[in-house]
Amino acid sequence: MSDEIRALTARLADEPTSLAFLELGEALRRRGQYDAAAKVARGGLSRYPGLADAHDLVARILSDQGDLAGAFDAWADAIRLDPMRSSALKGLAFLYFRAGEVPAALEHLARAAEADPDDVTIPAAIARIEQEVRETSAPPPPPQEPAPVPAPPADAPAPSPPQSQAVPASTAPATPPSGPTVDSPFADFSDGERGLLLADANGLRLGGTLTAPGGGEAGDRVAAELGGVVREAGRASRLLGLGSWHSIAIETPAAFLVLVPPSGDTVLLASREPSMPMARLGLLAERAARVARRWLERGR
Amino acid sequence: MTPETMVLDRVTRVPGVRGALLASAGDGLVVAEQLMDGVDGRAAAALAGALVGRLLRTTGAAGLESPLFVHLRAEEGSLLAAPAPGDLVLVAVVGPDANIGLARLEMLDAAGRLG
């Protein structure tokens, strides 16, 4: 047992409820002690089911163990808790690529690049995939060589299971987790349409769902108010000499909201719990607005 | 120096803030203001009041409590608003390079102290 692992084990024994399990699980994983790492990670996850780091650690271990379907689920859980978590986005991109789902892989890498613009491996991976797509003129099959996308586990070799072990189609869905309908503006949005609402200037809902804290769909009621918000925002920014408005961020005790205009006559509302930093919610809203804009252009 | 003036003084010290004012949320009337030249206090109060009023209705429709802070980001700057107790709203007009994070903290703190 290395000194590092011994020290971390002692620390975790002293403080079983601490986050030391993250470091210990990662240290064990790096040493190839996957079973021990998984045991530590699962223990931590049971105490901190809402911690994206814990799901991310479990995913890395499962990926190293070749359980790619399990890794997919764990990274998806991490993304649900922290939609801009670049390590999990890279992990999902890696798995999508191995499953031959190149567009989904590129979409996740693009999101990872948004979340972590300083990570130079992400644009490099995007370029390599795009080059490969150009060369083959078709989405490539799962690679036989180590994947050209950045391996999700930090500093760990990319697992290269046989094709039969690649993520099954059922666990690498083209549709988002919350299952928007095909004609939803957010059908192409990998986070699903939960907490997203697209409305027109007349206050009519074009798509998305918004659930009130007490349950029940609030989308239509909120959409009816958004037309007035857009008019007031346009008036205020214009008359105060601020030019055209780009976004409105609204903090409430129970939720953060961001409004962005995908087009001149529509507005998109993104809502998340305050545990998501407002700046990240802004990025998510902009990304959802791009998806909605493409949907609007197709419709027109 | 009145409490209102002290509050505005702290907000306008933040780099990039062009002006701040305290207005009545209901009718948009200015209670106190500290503005640079070129910023129309009455217009800012009325426009911010109307926008916050709309957002109050929106959050109400969503089953949420009233906003604590609002940030309208535009091409040439931002309009910030923090509703305060007593039907007041603290408003700031800031330039595109303003330290929004610091302005937000000052405004939330100020709005709390006005209560």
# chains A, B, ... in the order shown; residues from 1 in each chain; ligands from 1
>>> residues_around(residues="B:Ser66", least_positions_apart="3", cutoff="8 Å", atoms="only C-alpha atoms", output="PyMOL selection string")
(chain A and resi 252) or (chain B and resi 56+59-60)
>>> residues_around(residues="B:Leu108", least_positions_apart="3", cutoff="10 Å", atoms="only C-alpha atoms", output="ChimeraX atom specification")
/B:68-69,81-84,90,102-105,111-113
>>> residues_around(residues="B:Thr58", least_positions_apart="3", cutoff="6 Å", atoms="only C-alpha atoms", output="tab-separated table (two decimals) with C-alpha atoms, in the first residue's frame")
chain	number	residue	atom	x	y	z
A	222	VAL	CA	-45.28	31.59	-17.46
A	225	GLU	CA	-46.15	36.57	-18.90
B	55	LEU	CA	-40.75	39.60	-13.53
B	61	ALA	CA	-46.82	32.28	-12.42
>>> residues_around(residues="stretch 7-14 of chain B", least_positions_apart="5", cutoff="7 Å", atoms="only C-alpha atoms", output="list in words")
Gly19, Ala20, Leu21, Gln34, Asn99, Leu102, Ala103, Glu106, Met107 and Ala110 of chain B
>>> residues_around(residues="B:Gly77", least_positions_apart="2", cutoff="7 Å", atoms="only C-alpha atoms", output="mmCIF file with C-alpha atoms, in the first residue's frame")
data_model
loop_
_atom_site.group_PDB
_atom_site.id
_atom_site.type_symbol
_atom_site.label_atom_id
_atom_site.label_comp_id
_atom_site.auth_asym_id
_atom_site.auth_seq_id
_atom_site.Cartn_x
_atom_site.Cartn_y
_atom_site.Cartn_z
ATOM 1 C CA LEU A 242 -27.866 50.087 -23.502
ATOM 2 C CA ARG B 73 -27.585 42.290 -19.890
ATOM 3 C CA ALA B 74 -27.491 44.354 -23.057
ATOM 4 C CA GLU B 75 -25.030 45.303 -25.789
ATOM 5 C CA VAL B 94 -23.576 49.756 -15.357
ATOM 6 C CA GLY B 95 -21.219 49.782 -18.315
ATOM 7 C CA PRO B 96 -20.160 46.724 -20.311
#
>>> interface_residues(of="chain A", to="chain B", cutoff="10 Å", atoms="only C-alpha atoms", output="MDAnalysis selection string")
chainID A and resid 210:260
>>> atom_distance(atom1="atom CA of A:Ala78", atom2="atom CA of A:Ser275")
13.6 Å
>>> atom_distance(atom1="atom CA of B:Gly26", atom2="atom CA of B:Glu4")
18.0 Å
>>> select_by_dssp(residues="chain B", states="helix (DSSP H, G or I)", output="mmCIF file with C-alpha atoms, in the first residue's frame")
data_model
loop_
_atom_site.group_PDB
_atom_site.id
_atom_site.type_symbol
_atom_site.label_atom_id
_atom_site.label_comp_id
_atom_site.auth_asym_id
_atom_site.auth_seq_id
_atom_site.Cartn_x
_atom_site.Cartn_y
_atom_site.Cartn_z
ATOM 1 C CA PRO B 3 -28.963 55.448 5.032
ATOM 2 C CA GLU B 4 -30.191 55.663 1.436
ATOM 3 C CA THR B 5 -27.260 57.836 0.400
ATOM 4 C CA MET B 6 -24.798 55.523 2.136
ATOM 5 C CA VAL B 7 -26.250 52.555 0.277
ATOM 6 C CA LEU B 8 -26.011 54.278 -3.078
ATOM 7 C CA ASP B 9 -22.501 55.461 -2.299
ATOM 8 C CA ARG B 10 -21.303 51.887 -1.808
ATOM 9 C CA VAL B 11 -22.913 50.688 -5.014
ATOM 10 C CA THR B 12 -21.560 53.510 -7.146
ATOM 11 C CA GLY B 41 -32.780 58.708 -13.150
ATOM 12 C CA ARG B 42 -36.510 59.017 -13.621
ATOM 13 C CA ALA B 43 -36.416 56.897 -16.772
ATOM 14 C CA ALA B 44 -34.221 54.280 -15.138
ATOM 15 C CA ALA B 45 -36.534 54.102 -12.131
ATOM 16 C CA ALA B 46 -39.676 53.797 -14.211
ATOM 17 C CA LEU B 47 -38.229 51.268 -16.657
ATOM 18 C CA ALA B 48 -36.618 49.135 -13.989
ATOM 19 C CA GLY B 49 -39.797 49.263 -11.929
ATOM 20 C CA ALA B 50 -41.893 48.105 -14.865
ATOM 21 C CA LEU B 51 -39.474 45.300 -15.696
ATOM 22 C CA VAL B 52 -39.274 44.093 -12.099
ATOM 23 C CA GLY B 53 -43.054 44.218 -11.898
ATOM 24 C CA ARG B 54 -43.315 41.987 -14.954
ATOM 25 C CA LEU B 55 -40.749 39.603 -13.533
ATOM 26 C CA LEU B 56 -42.657 39.446 -10.250
ATOM 27 C CA ARG B 57 -45.690 38.250 -12.176
ATOM 28 C CA THR B 58 -43.561 35.765 -14.112
ATOM 29 C CA THR B 59 -42.009 34.209 -11.032
ATOM 30 C CA GLY B 60 -45.448 34.159 -9.427
ATOM 31 C CA ALA B 61 -46.821 32.277 -12.420
ATOM 32 C CA ILE B 100 -21.153 42.700 -12.087
ATOM 33 C CA GLY B 101 -20.266 40.208 -9.374
ATOM 34 C CA LEU B 102 -19.161 42.901 -6.973
ATOM 35 C CA ALA B 103 -22.079 45.160 -7.855
ATOM 36 C CA ARG B 104 -24.467 42.272 -7.195
ATOM 37 C CA LEU B 105 -22.984 41.597 -3.770
ATOM 38 C CA GLU B 106 -23.108 45.274 -2.802
ATOM 39 C CA MET B 107 -26.693 45.585 -3.985
ATOM 40 C CA LEU B 108 -27.904 42.461 -2.189
ATOM 41 C CA ASP B 109 -26.181 43.619 0.974
ATOM 42 C CA ALA B 110 -27.619 47.094 0.590
ATOM 43 C CA ALA B 111 -31.126 45.842 -0.092
ATOM 44 C CA GLY B 112 -30.925 43.731 3.032
ATOM 45 C CA ARG B 113 -29.781 46.649 5.154
#
>>> residues_around(residues="stretch 18-35 of chain A", least_positions_apart="3", cutoff="7 Å", atoms="only C-alpha atoms", output="ChimeraX atom specification")
/A:5,8-9,11-12,15,38-41,44,54,57,61,65,156
>>> write_last_selection(atoms="C-alpha atoms", output="short mmCIF file (atom, residue, chain, number, x, y, z; two decimals), in the first residue's frame")
data_model
loop_
_atom_site.label_atom_id
_atom_site.label_comp_id
_atom_site.auth_asym_id
_atom_site.auth_seq_id
_atom_site.Cartn_x
_atom_site.Cartn_y
_atom_site.Cartn_z
CA ILE A 5 -3.32 5.51 -0.09
CA LEU A 8 -6.06 8.74 2.64
CA THR A 9 -7.43 5.53 4.14
CA ARG A 11 -8.13 10.12 6.90
CA LEU A 12 -11.33 8.49 5.72
CA GLU A 15 -13.69 11.20 9.18
CA ALA A 38 -15.33 0.97 -6.61
CA LYS A 39 -16.03 0.01 -3.01
CA VAL A 40 -14.75 3.35 -1.73
CA ALA A 41 -16.59 5.29 -4.42
CA GLY A 44 -19.08 7.79 -0.71
CA ALA A 54 -19.01 11.12 -6.67
CA LEU A 57 -15.59 9.03 -9.88
CA ILE A 61 -13.89 3.44 -12.35
CA GLN A 65 -13.44 -1.83 -15.61
CA ALA A 156 -5.99 7.17 -17.25
#
>>> residues_around(residues="A:Arg287", least_positions_apart="4", cutoff="10 Å", atoms="only C-alpha atoms", output="list in words")
Arg111, Glu114, Phe189, Pro262, Leu281, Gly282, Leu283, Val291, Ala292 and Arg293 of chain A
>>> write_last_selection(atoms="N, CA and C atoms", output="short mmCIF file (atom, residue, chain, number, x, y, z; two decimals), in the first residue's frame")
data_model
loop_
_atom_site.label_atom_id
_atom_site.label_comp_id
_atom_site.auth_asym_id
_atom_site.auth_seq_id
_atom_site.Cartn_x
_atom_site.Cartn_y
_atom_site.Cartn_z
N ARG A 111 -19.90 21.06 -25.78
CA ARG A 111 -20.35 21.54 -24.47
C ARG A 111 -19.20 21.54 -23.47
N GLU A 114 -17.19 24.53 -24.03
CA GLU A 114 -17.84 25.73 -23.46
C GLU A 114 -17.59 25.79 -21.95
N PHE A 189 -31.60 18.66 -27.90
CA PHE A 189 -30.84 19.19 -26.77
C PHE A 189 -30.57 18.05 -25.80
N PRO A 262 -33.94 33.66 -28.54
CA PRO A 262 -33.36 32.92 -29.67
C PRO A 262 -33.58 33.65 -31.00
N LEU A 281 -25.75 28.60 -15.73
CA LEU A 281 -27.11 28.56 -16.26
C LEU A 281 -27.20 29.45 -17.50
N GLY A 282 -26.47 30.55 -17.49
CA GLY A 282 -26.44 31.41 -18.67
C GLY A 282 -25.89 30.68 -19.88
N LEU A 283 -24.84 29.92 -19.67
CA LEU A 283 -24.25 29.15 -20.78
C LEU A 283 -25.25 28.10 -21.27
N VAL A 291 -30.11 25.67 -30.05
CA VAL A 291 -30.90 24.51 -30.49
C VAL A 291 -32.30 24.97 -30.91
N ALA A 292 -32.89 25.85 -30.11
CA ALA A 292 -34.24 26.34 -30.43
C ALA A 292 -34.23 27.15 -31.72
N ARG A 293 -33.15 27.91 -31.95
CA ARG A 293 -33.05 28.72 -33.17
C ARG A 293 -33.03 27.82 -34.40
#
>>> atom_distance(atom1="atom CA of A:Leu62", atom2="atom CA of A:Arg194")
27.6 Å
